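Asker: Starting off with a structure, shown below.
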Amino acid sequence: MKFKILSELTHEEKLVIIFILLSLTVAMFSYRIGKVKFIPPQEGTKKININYPLDLNRANFEELLTLPGIGPTIAQRIISYRYEKGNFKKLEELLKIKGIGKKKLEKLKPYLTIKD
Amino acid sequence: MPPFSAPLILFAISFMIGIIIGEKQIVPVYIYILPIILFLFLTLNKKWLFLTALSFYATFLGIFRIQLMKYYSPDDIIFLQGEKVKLRAQISSYPERRKQCYIFTATKLKIWQGMWKEKKGKLIITTCSQKTLSYGDIIETEGRIIIKKGRIYFKAKNLKIKGKGKWLNPFKILIFKIKRKTSQLLEKLFPSEYAQFLKALLLGEKKSLDWHLKEKFIHSGNAHILAISGLHVGLFYFICNVVLKALHIYGRKRNIITIIIILLYMSLTGSRIPVVRATIVMVFYLLANYFYREVNIYNLLSLSSILILFINPLSIYEASFQLSFIAVLGIVSIFTIFPSYHMLLDTKLKILKHWLLNAAKASLAAWLAVFPLICYYWGYITPYAVLTNLIIIPIVSLIIAQSFLILITGLISVNLANILSYSCYILIYLLFLILDKILSLPYSYIKIANFSLQGLFIYYSCIIFLYIYLLKRTISRYFDKIR
């Protein structure tokens, strides 16, 4: 018995394989667009080196989690807000997000900025 | 002997390695996938380079696939993890009963946040309710969202039914109707313990099974019977073939009809890993027959593992996935290297001896392949399993065949099915009796310390080396005989 792994694949068959793989990859990349990373809460509390103040319009999920009073839910709401309604124009706009009141906003202000 | 050509083995192994690497979050390598495809183009005519690039691609694809699992649309239900919410949803699966409670999946989710907001995703809902739930019902309930092993659960309280949803899947309606009718018929014909057993055996409804009955099967080393797998699909294929033959349907037509029936059976049983594995192998085997092509069992197994893992990469960590594939690999590989004892077979009772010998070989091969994994997960050994399988599998096969017959007659007349059910009744009684006898034997169930991961690794590498050595010896003997 001979051990041959790909011996029976012809040139055309190989091309078909490449075509399938290519379309699979493109499909997976397009699936990824517009999706947000989900991090279970216990993993989200890891220490990350971040320079404050953060840019509210560019901060990712992990960075938002490091802010005082922001858990995964509110961080997610901020990202969803950015995704649905576009960038924040001023920090006060955060009050529109459920779970952020005036007190929390005051706490957050030193850690956040908005860059153009 | 034909050359051993199974290109998908390499792809499947690399894909699995990718999933394991991706789960550990070592490097984000998926960016390199597109360049590899270019490289594949360039190496079309170079066999080994093409192979290497292909296996690299498969690894990166595995990493990419598992990392994709961590990304969700911003309004996915998963982001509400741990929160108490008011939910409105539509039941999208068969609501399975477990004593007073139900378990089912729900889609078209809406969460109350001042107004009903749509959320994406799927929830597995558990609820204890007196109401009769069915596929397509819109429910309103309160509860908490919990994530366990990558699945999102919801413990529902105060469940109310708010009517029926629109745009239901007619295929699902049909399947669930058959399932409900079947379980009603079984409950009507058999006492409760027997009906539970038959429901688990035929429809995969293991959740309603009593724990002490389940324990009987586990402690006697026959738990695999309760998992719908190759045995069931194989028998189903056999029954289909007999019926279609009686109806004078031959050749390619028969293949296509069998494929459709087997796929229906798969969705009827809830599409768990072992049955999906068995169905994919069977369907591709029939398709190969249809196109007059040769099949390689290793190729088919690799293909089914790739498909299952692509749909849910996390199933690689599930015991049912590992046990299902390793048992079949054990049977198809170890089986071939056992000696065949031709001298023994030349005497009287040739067919019976041949059958017994083959069954014993398969049983031993499966046990050798599976027992370290069972020790690793649950920490026990069932030394008589190899022998008891020889008695129990034929009985279970008979029970399955008879209950199919009963169900078909039940469609025509319940009274006739009732008469037929007595023979099945005796067989189940016999099966339970044998299980009790096995359990009363000394050392039928030995609890040991759990295997370590290193132990598993050493055992399986030894088995692989031994397999290659014995295979080479068998082949050289085979050629010596020819000369």
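Each chain in the structure tokens gets a letter, A, B, ..., in the order shown, and its residues are numbered from 1; ligands are numbered from 1 in order too.
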Give the residues of chain B that lie within 8 Å of chain A; count only C-alpha atoms, and format the answer as JSON, numbers by chain.
Answerer: {"B": [1, 2, 3, 4, 5, 6, 7, 33, 34, 37, 40, 41, 44, 45, 47, 51, 61, 65, 68, 70, 71, 72, 73, 74, 75, 78, 79, 80, 475]}
Asker: So which residues touch Ser92 in chain B within 10 Å, counting only C-alpha atoms, skipping near sequence neighbours fewer than 5 positions away, as number ranges by chain?
Answerer: B: 104-108, 122-124, 134-138, 168-169, 172
Asker: Write out as a VMD selection string all residues of range 16-102 of chain A that backbone DSSP assigns to alpha helix (DSSP H).
Answerer: chain A and resid 16 to 32 41 to 44 61 to 65 72 to 85 102
Asker: Take the selection from the previous step and output its residues with N, CA and C atoms, as a CSV table (one decimal), in the first residue's frame.
Answerer:
```csv
chain,number,residue,atom,x,y,z
A,16,VAL,N,-10.2,24.4,-8.1
A,16,VAL,CA,-11.6,24.4,-7.5
A,16,VAL,C,-11.4,24.6,-5.9
A,17,ILE,N,-10.4,23.8,-5.4
A,17,ILE,CA,-10.1,24.0,-3.9
A,17,ILE,C,-9.8,25.4,-3.6
A,18,ILE,N,-8.9,26.0,-4.4
A,18,ILE,CA,-8.5,27.4,-4.1
A,18,ILE,C,-9.7,28.3,-4.2
A,19,PHE,N,-10.5,28.1,-5.2
A,19,PHE,CA,-11.7,29.0,-5.3
A,19,PHE,C,-12.6,28.9,-4.1
A,20,ILE,N,-12.8,27.6,-3.6
A,20,ILE,CA,-13.7,27.4,-2.5
A,20,ILE,C,-13.1,28.1,-1.2
A,21,LEU,N,-11.8,27.9,-1.1
A,21,LEU,CA,-11.1,28.5,0.1
A,21,LEU,C,-11.2,30.0,0.0
A,22,LEU,N,-11.0,30.6,-1.2
A,22,LEU,CA,-11.0,32.0,-1.3
A,22,LEU,C,-12.4,32.6,-1.0
A,23,SER,N,-13.4,31.9,-1.5
A,23,SER,CA,-14.7,32.5,-1.2
A,23,SER,C,-15.1,32.3,0.3
A,24,LEU,N,-14.6,31.2,0.9
A,24,LEU,CA,-14.8,31.0,2.3
A,24,LEU,C,-14.2,32.2,3.1
A,25,THR,N,-12.9,32.5,2.7
A,25,THR,CA,-12.2,33.5,3.5
A,25,THR,C,-12.9,34.8,3.3
A,26,VAL,N,-13.3,35.2,2.1
A,26,VAL,CA,-13.9,36.5,1.9
A,26,VAL,C,-15.2,36.5,2.7
A,27,ALA,N,-15.9,35.4,2.7
A,27,ALA,CA,-17.2,35.4,3.4
A,27,ALA,C,-16.9,35.6,4.9
A,28,MET,N,-15.9,35.0,5.4
A,28,MET,CA,-15.6,35.2,6.9
A,28,MET,C,-15.2,36.6,7.2
A,29,PHE,N,-14.4,37.2,6.3
A,29,PHE,CA,-14.0,38.6,6.5
A,29,PHE,C,-15.2,39.5,6.5
A,30,SER,N,-16.1,39.3,5.6
A,30,SER,CA,-17.2,40.2,5.5
A,30,SER,C,-18.2,40.0,6.7
A,31,TYR,N,-18.2,38.7,7.2
A,31,TYR,CA,-19.0,38.5,8.4
A,31,TYR,C,-18.5,39.3,9.6
A,32,ARG,N,-17.1,39.4,9.6
A,32,ARG,CA,-16.5,40.1,10.7
A,32,ARG,C,-16.8,41.6,10.8
A,41,PRO,N,-16.9,39.2,31.5
A,41,PRO,CA,-16.5,40.2,32.5
A,41,PRO,C,-15.2,39.9,33.2
A,42,GLN,N,-15.0,38.6,33.6
A,42,GLN,CA,-13.8,38.3,34.4
A,42,GLN,C,-12.5,38.5,33.6
A,43,GLU,N,-12.6,38.3,32.2
A,43,GLU,CA,-11.4,38.6,31.4
A,43,GLU,C,-11.2,40.1,31.2
A,44,GLY,N,-12.3,40.8,31.2
A,44,GLY,CA,-12.2,42.3,30.9
A,44,GLY,C,-11.5,43.1,32.0
A,61,PHE,N,-13.3,48.4,23.2
A,61,PHE,CA,-14.1,47.8,24.3
A,61,PHE,C,-13.2,47.6,25.6
A,62,GLU,N,-12.0,47.1,25.4
A,62,GLU,CA,-11.1,46.8,26.5
A,62,GLU,C,-10.7,48.1,27.2
A,63,GLU,N,-10.5,49.1,26.4
A,63,GLU,CA,-10.0,50.4,27.0
A,63,GLU,C,-11.2,51.0,27.8
A,64,LEU,N,-12.4,51.0,27.3
A,64,LEU,CA,-13.5,51.5,28.0
A,64,LEU,C,-13.8,50.9,29.3
A,65,LEU,N,-13.5,49.6,29.3
A,65,LEU,CA,-13.7,48.8,30.6
A,65,LEU,C,-12.8,49.3,31.7
A,72,PRO,N,-19.0,46.0,31.3
A,72,PRO,CA,-19.2,45.5,29.9
A,72,PRO,C,-20.5,46.0,29.2
A,73,THR,N,-21.5,46.2,30.0
A,73,THR,CA,-22.8,46.6,29.4
A,73,THR,C,-22.7,48.0,28.9
A,74,ILE,N,-22.3,48.9,29.8
A,74,ILE,CA,-22.2,50.3,29.3
A,74,ILE,C,-21.2,50.5,28.2
A,75,ALA,N,-20.0,49.8,28.4
A,75,ALA,CA,-19.0,49.9,27.3
A,75,ALA,C,-19.6,49.5,26.0
A,76,GLN,N,-20.4,48.4,26.0
A,76,GLN,CA,-21.1,47.9,24.8
A,76,GLN,C,-22.1,49.0,24.3
A,77,ARG,N,-22.8,49.6,25.2
A,77,ARG,CA,-23.8,50.6,24.8
A,77,ARG,C,-23.1,51.8,24.1
A,78,ILE,N,-21.9,52.2,24.7
A,78,ILE,CA,-21.1,53.3,24.1
A,78,ILE,C,-20.7,52.9,22.6
A,79,ILE,N,-20.2,51.7,22.5
A,79,ILE,CA,-19.8,51.3,21.2
A,79,ILE,C,-21.0,51.2,20.2
A,80,SER,N,-22.1,50.7,20.7
A,80,SER,CA,-23.3,50.6,19.9
A,80,SER,C,-23.8,52.0,19.4
A,81,TYR,N,-23.7,53.0,20.4
A,81,TYR,CA,-24.1,54.3,20.1
A,81,TYR,C,-23.2,54.9,19.0
A,82,ARG,N,-21.9,54.7,19.1
A,82,ARG,CA,-21.0,55.2,18.1
A,82,ARG,C,-21.3,54.5,16.7
A,83,TYR,N,-21.6,53.3,16.8
A,83,TYR,CA,-21.9,52.5,15.6
A,83,TYR,C,-23.2,53.0,14.9
A,84,GLU,N,-24.2,53.3,15.7
A,84,GLU,CA,-25.5,53.6,15.2
A,84,GLU,C,-25.6,55.1,14.8
A,85,LYS,N,-25.1,56.0,15.7
A,85,LYS,CA,-25.3,57.4,15.5
A,85,LYS,C,-24.1,58.2,15.1
A,102,LYS,N,-25.4,62.2,35.5
A,102,LYS,CA,-24.5,63.4,35.7
A,102,LYS,C,-23.3,63.1,36.6
```
Asker: Quick one: pick out all strand (DSSP E) residues within range 153-195 of chain B from a backbone DSSP run and write them as number ranges by chain.
Answerer: B: 153-164
Asker: Pull C-alpha atoms from the residues just selected and write them as a short mmCIF file (atom, residue, chain, number, x, y, z; two decimals), in the first residue's frame.
Answerer:
```
data_model
loop_
_atom_site.label_atom_id
_atom_site.label_comp_id
_atom_site.auth_asym_id
_atom_site.auth_seq_id
_atom_site.Cartn_x
_atom_site.Cartn_y
_atom_site.Cartn_z
CA TYR B 153 -29.04 30.36 28.59
CA PHE B 154 -32.12 32.06 29.95
CA LYS B 155 -33.99 30.91 33.05
CA ALA B 156 -37.53 32.04 32.38
CA LYS B 157 -40.16 32.86 35.00
CA ASN B 158 -43.80 33.97 34.61
CA LEU B 159 -44.05 32.66 31.08
CA LYS B 160 -47.00 33.81 28.98
CA ILE B 161 -47.92 32.70 25.49
CA LYS B 162 -48.73 35.62 23.18
CA GLY B 163 -49.91 33.78 20.09
CA LYS B 164 -48.25 32.19 17.09
#
```
Asker: Between CA of Ile391 in chain B and CA of Ile464 in chain B, what is the distance in Å, rounded to a tenth?
Answerer: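 So the two atoms, CA of Ile391 in chain B and CA of Ile464 in chain B, lie 29.1 Å apart.
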Asker: If we count only C-alpha atoms and set the cut-off at 9 Å, which residues sit around Val281 in chain B, ignoring sequence neighbours fewer than 5 positions away in its own chain? Please answer as a count of residues only.
Answerer: 7
Asker: With distances taken over only C-alpha atoms, which residue among B:Met282, B:Ile351, B:Ala449, B:Ile273 lies nearest Phe325 in chain B?
Answerer: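 Smallest separation from Phe325 in chain B among the options: B:Ile273.
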Asker: Just the number, please: distance in Å from CA of Lys119 in chain B to CA of Ile66 in chain B, one decimal.
Answerer: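 Computed distance, CA of Lys119 in chain B to CA of Ile66 in chain B, equals 22.6 Å.
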